[in-house]
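Input: a single structure, listed below in C-alpha cells.
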Amino acid sequence: MNAPSNLPANRVYNYAYLDEQTKRMIRRSILKAIAIPGYQVPFGSREMPVPYGWGTGGIQVTASIIGPDDVYKCIDQGADDTTNAVSIRRFFARVADVATTEQTEEATIIQTRHRIPEAPLQEGQIMVYQVPQPEPLRGLEPRETETRAMHAYEEYGLQYLSLYESVAAYGRIAGGAGYPVLVDERYLMSPSPIPKFDNPKLHQSEALHLFGAGREKRIYAVPPHTDVRSLDFEDYPFEIQSWDEVCALCNCDSSYKDEVILDDDGNRMFVCSDSAYCGERRKQGHSGPLAGHALDQLDQPEDAE
Amino acid sequence: MSMITPIERDEQLLVVEGLDKSFGPIGACRDVSFELRRGEILGIVGESGSGKTTLLRCISGQLEPTGGQVLFNSRRHGMHDIFALSEQDRRRIAREEWGYVHQNPRDGLRMRVSGGANVAEPLMMNGRRHYGEMREQSLNWFERVELDLGRIDNKPRTFSGGMQQRLQIARNLIHNPSLVFMDEPTGGLDVSVQARLLDLMRVLVREMGLAAIIVTHDIGVARLLADRLLVMKSGFVVEQGLTDQVLDDPQHGYTQLLVSSVLQI
C-alpha cells in the first residue's frame, strides 16, 4: 500500500509482482512462522509466472519482504550463473527495482534452493529457501491429518525409521540432502534440499531463514539464534560430507564440492559448488591444481542486469 | 508346560461398561459390558457383521463409542476412561502399552521399510535412539517368531502371508505391551500355517503374561487361545464365560448353532 513512488511510468505489474493484499497475507504467515520456529504455517499460495517446482514458494516469500533498498542474490545449486538463478534474479531486478549481487556479504536477501553460501551469514541477512516438500514425515506417513497430529503431540519417533533404514542398508546415516532437523527442540523440520553439509550453518545462525513451499502452500522459518539439531542415533552421530580432493580451481579444502566430469576417459574435477565464494578466492590469488582450465573462465562475474 | 510363568491375575486391566456404538440408525455394538484382568486372554466370537471389529476398534481407542465407558488401567494414569483423556494421552497409551494385530498384515506393517525397521519401530516411537540396541532386539524378535534372520533387511512384501503375520506379531510385542488387540490374526492363512502361528502366539502370550483380546470367527482359535469367551450377535453379547464352559455347554441358541456347525473330522 505504500509502494515506492519512484516507479517507472510504464510499469505493468504492482511493485514486486504480487498485489498488496497478497503480500500482506504472506507477511502475516511469515510472522507466525517466525513466532513458532519450525512450524509449517499454511498460506494462500498464488499462481506465479513459473511452474511449481521452479521456486514459486521462494519467489512469493521474497516478493513479500523485498523493498527497493534491498540487495538481492539468487543461487541455484550454489551457483549464481545457472539458468534458474539468472532468470529469478532478473525477475526481481525488473519488478522490484533492487540491486543484485553475487557477493554473499553484500546481499540482504539471498534466495536459494540447494545451498547455504560458504561465507558466514551476518545479522540482518535473510535466507529464502525454495522448498519442494515441507513435510519431513511425508515419505513415511502419507496422511496429512496424521502428520499434523504427530507435530502437535511431538511424536517424532517415525522419523528415526528412515535413519534406521539408512544405517541398516549402508552402515551409516546416508541421507545427503533434506536431512531432518529439530528446531528449538520442538518442531521437526525439513531444511529443504540443502546438503546436510549446510545443516550446522542453521544452528544459532545470525541470519533469518524463511522457507516457502509454493505447491504445498506452507511457510516456515528459523529465526536468528535458534537451536537447530540434526537427528541422529546415539551410536551413529550426525556427520557432514567431506572430500579428499581440494577445489581444482581455488584449492579450497573445506567447501562443499561438485564433481564435474571432464571427458569420456574418467577424468573429473571437484570444484566449489558456491561459485561466488570460489571466484572470490581465485581473485585473492588462490589457485588449485587445474587453475587455468577452460571452466576457470566461465564464471567470471558479469554485470548484473 | 513348564515355560508358563505365574501370572498376577487379580488386577483389573480393562473394564468396559455399557458400551454403545451406532452408525446413524445402525447399532453396531449395544450395551456391551465385560472386564479383563492382567494376563487374561479374551476371545470374541460371532458371525460376520455382529459388531466384533467395531467393539475392538472402540476399546482400542480408534473409534469413539456413542455411549458407555472404556476404562483402562495404564501405567501413567491408573484406571481411567480412555475417552476422557486427551487425544495425546490416548495415543501415548496406545503407543506404550498396547499392540494391535490387524487381520491383513499390510494394514499393520509399513510396506516401504524393511522387516527389521518394522519390528524396531515401536521402540523408536517410545523414544529409543540407540541403533545397535534396537537392531539386537529386532534380531532377537525375528528369532522368537521363527523368521529367518537373513531376511531382516528385506521389505515385507517379499515375505509370505504367514511370515508377514509373524512379523506383525513381533512388531506388536517388542515394546512389552500389557494388552494386545488381535483382529482375526489367523484369517487368510492356510491351515498348517494357522496352526503354527496359533502355537507361537500361545507360547509368546503366556511367556510374557500379556492380556489379549482376540476377535475371531474361528471356534478353534478361541478354544486354543482364549481363557474366556464373549459371544456376539447383532451387536449384543449373548453369552460370556469360561471358554470350555461356553463351548462345551452353550446356553444361547446362537452359540449352540455356532458350536454345532464346526466340522468334525
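Just remember, in the C-alpha cells the first chain shown is A, the second B, etc., residues are 1-based per chain, and ligands are 1-based in the order shown.
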Next on the checklist: Just list as JSON, numbers by chain whatever in stretch 1-215 of chain A DSSP marks as helix (DSSP H, G or I).
Outcome noted: {"A": [20, 21, 22, 23, 24, 25, 26, 27, 28, 29, 30, 31, 32, 33, 34, 35, 56, 57, 58, 59, 60, 61, 62, 63, 64, 65, 83, 84, 85, 86, 87, 88, 89, 90, 91, 92, 93, 94, 95, 144, 145, 146, 147, 148, 149, 150, 151, 152, 157, 158, 159, 160, 161, 162, 163, 164, 165, 166, 167, 168, 169, 170, 196, 197, 198, 199, 200, 201, 202]}
Checklist entry - So which bits of stretch 49-192 of chain A end up strand (DSSP E) when you DSSP the backbone, as a PyMOL selection string? => result chain A and resi 71-75+99-100+109-112+126-130+181-183+187-189
Considering only C-alpha atoms, give me a table of residues in chain A that are at most 9 Å from chain B, with the closest atom pair and distance in Å for each, as a tab-separated table.
residue	atom	partner	partner_atom	distance
A:Leu140	CA	B:Arg112	CA	7.9
A:Ala149	CA	B:Gln88	CA	8.6
A:Ala152	CA	B:Gln88	CA	8.8
A:Tyr153	CA	B:Gln88	CA	6.1
A:Glu155	CA	B:Met125	CA	7.2
A:Tyr156	CA	B:Met125	CA	7.2
A:Gly157	CA	B:Met125	CA	4.1
A:Leu158	CA	B:Met125	CA	6.3
A:Gln159	CA	B:Met124	CA	8.8
A:Tyr160	CA	B:Met124	CA	6.6
A:Leu161	CA	B:Ala117	CA	6.4
A:Ser162	CA	B:Val113	CA	8.0
A:Tyr164	CA	B:Ala117	CA	6.6
A:Glu165	CA	B:Ala117	CA	6.4
A:Val167	CA	B:Tyr131	CA	8.1
A:Ala168	CA	B:Asp153	CA	7.0
A:Ala169	CA	B:Asp153	CA	7.5
A:Asp232	CA	B:Arg129	CA	7.8
A:Phe233	CA	B:Arg129	CA	5.2
A:Glu234	CA	B:His130	CA	5.0
A:Asp235	CA	B:His130	CA	5.9
A:Tyr236	CA	B:Tyr131	CA	7.4
Can you check which parts of stretch 187-216 of chain B lie within 6 Å of stretch 160-183 of chain B? Per residue, the shortest pair of atoms and distance in Å to one decimal, counting only C-alpha atoms, sorted by chain and number, as a Markdown table.
| residue | atom | partner | partner_atom | distance |
| --- | --- | --- | --- | --- |
| B:Leu210 | CA | B:Ser178 | CA | 5.4 |
| B:Ala211 | CA | B:Leu179 | CA | 4.8 |
| B:Ala212 | CA | B:Val180 | CA | 4.7 |
| B:Ile213 | CA | B:Phe181 | CA | 5.0 |
| B:Ile214 | CA | B:Met182 | CA | 4.7 |
| B:Val215 | CA | B:Asp183 | CA | 4.9 |
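A straight line drawn from atom CA of A:Arg115 to atom CA of A:Ala79 is 9.0 Å long.
Interatomic distance, atom CA of B:Gly39 to atom CA of B:Gly209: 4.7 Å.
Residue nearest A:Arg113 within the list A:Gly292, A:Pro136, A:Gly78, A:Gly38: A:Gly78 [criterion: smallest interatomic distance, only C-alpha atoms].
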Item to check | Interatomic distance (Å, one decimal) between atom CA of A:Val98 and atom CA of A:Lys23 | outcome: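 Computed distance, atom CA of A:Val98 to atom CA of A:Lys23, equals 17.1 Å.
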Item to check | Near-A:Asp69 list (12 Å; only C-alpha atoms; drop same-chain fewer than 5 positions) as number ranges by chain | outcome: A: 4, 93, 96-100, 107-109
Residues as selected, N, CA and C atoms, written as a PDB file, in the first residue's frame, can you do that?
ATOM      1  N   PRO A   4       6.899   2.090  -3.361  1.00  0.00           N
ATOM      2  CA  PRO A   4       7.739   3.263  -3.653  1.00  0.00           C
ATOM      3  C   PRO A   4       7.149   4.114  -4.777  1.00  0.00           C
ATOM      4  N   ALA A  93      15.036  -7.909 -10.290  1.00  0.00           N
ATOM      5  CA  ALA A  93      15.640  -6.651 -10.701  1.00  0.00           C
ATOM      6  C   ALA A  93      14.605  -5.833 -11.466  1.00  0.00           C
ATOM      7  N   ALA A  96      11.067  -5.330  -8.908  1.00  0.00           N
ATOM      8  CA  ALA A  96      11.218  -4.741  -7.573  1.00  0.00           C
ATOM      9  C   ALA A  96      12.310  -3.675  -7.520  1.00  0.00           C
ATOM     10  N   ASP A  97      12.889  -3.336  -8.660  1.00  0.00           N
ATOM     11  CA  ASP A  97      13.911  -2.285  -8.742  1.00  0.00           C
ATOM     12  C   ASP A  97      15.025  -2.461  -7.718  1.00  0.00           C
ATOM     13  N   VAL A  98      15.441  -3.696  -7.478  1.00  0.00           N
ATOM     14  CA  VAL A  98      16.502  -3.889  -6.490  1.00  0.00           C
ATOM     15  C   VAL A  98      17.842  -4.045  -7.171  1.00  0.00           C
ATOM     16  N   ALA A  99      18.881  -3.720  -6.410  1.00  0.00           N
ATOM     17  CA  ALA A  99      20.227  -4.018  -6.865  1.00  0.00           C
ATOM     18  C   ALA A  99      20.465  -5.508  -6.675  1.00  0.00           C
ATOM     19  N   THR A 100      21.205  -6.113  -7.582  1.00  0.00           N
ATOM     20  CA  THR A 100      21.522  -7.522  -7.418  1.00  0.00           C
ATOM     21  C   THR A 100      23.013  -7.675  -7.240  1.00  0.00           C
ATOM     22  N   ALA A 107      24.715  -9.004   0.049  1.00  0.00           N
ATOM     23  CA  ALA A 107      23.289  -9.241  -0.148  1.00  0.00           C
ATOM     24  C   ALA A 107      22.507  -9.084   1.155  1.00  0.00           C
ATOM     25  N   THR A 108      21.282  -8.555   1.050  1.00  0.00           N
ATOM     26  CA  THR A 108      20.392  -8.525   2.214  1.00  0.00           C
ATOM     27  C   THR A 108      19.377  -9.667   2.129  1.00  0.00           C
ATOM     28  N   ILE A 109      19.030 -10.057   0.904  1.00  0.00           N
ATOM     29  CA  ILE A 109      18.145 -11.211   0.719  1.00  0.00           C
ATOM     30  C   ILE A 109      18.842 -12.186  -0.216  1.00  0.00           C
TER      31      ILE A 109
END
Item to check | Selected residue, from A:Asp296, A:Glu206, A:Asp198, A:Asp265, that lies nearest to A:Glu239 when counting only C-alpha atoms | outcome: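 Of A:Asp296, A:Glu206, A:Asp198, A:Asp265, the one nearest A:Glu239, counting only C-alpha atoms, is A:Asp198.
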Checklist entry - Near stretch 223-240 of chain B, counting only C-alpha atoms, which residues have an atom at most 10 Å away, once you skip same-chain residues fewer than 6 positions from it, shown as a PyMOL selection string? => result chain B and resi 20-22+26-34+36+39-52+54-55+195+198-199+201-203+205-206+212-215+217+246-247+250-255+258
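The residue set within 8 Å of stretch 71-80 of chain B, counting only C-alpha atoms and dropping same-chain residues fewer than 5 places from it, reads Gln12, Leu13, Leu14, Val15, Val16, Leu85, Ile93 and Glu97 of chain B.
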Checklist entry - Could you name the residues that touch B:Gly68 at 7 Å or less, counting only C-alpha atoms, but leaving out those on the same chain fewer than 2 positions away, as JSON, numbers by chain? => result {"B": [17, 18, 19, 20]}
Checklist entry - In terms of the shortest atom-to-atom distance over only C-alpha atoms, which of A:Gln204, A:Thr22, A:Thr145, A:Thr112 is closest to A:Ile65? => result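 Using only C-alpha atoms, the shortest distance to A:Ile65 belongs to A:Thr22.
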Checklist entry - When distances are computed from only C-alpha atoms, which of A:Tyr170, A:Tyr72, A:Phe211, A:Phe91 shows the smallest separation from A:Gln103? => result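 Residue with the minimum atom-to-atom distance to A:Gln103: A:Tyr72.
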Next on the checklist: Give me the residues near stretch 243-253 of chain A as number ranges by chain, where near means some atom within 12 Å (using only C-alpha atoms) and where sequence neighbours in that chain fewer than 5 positions away do not count.
Outcome noted: A: 118, 197, 258-260, 268-299
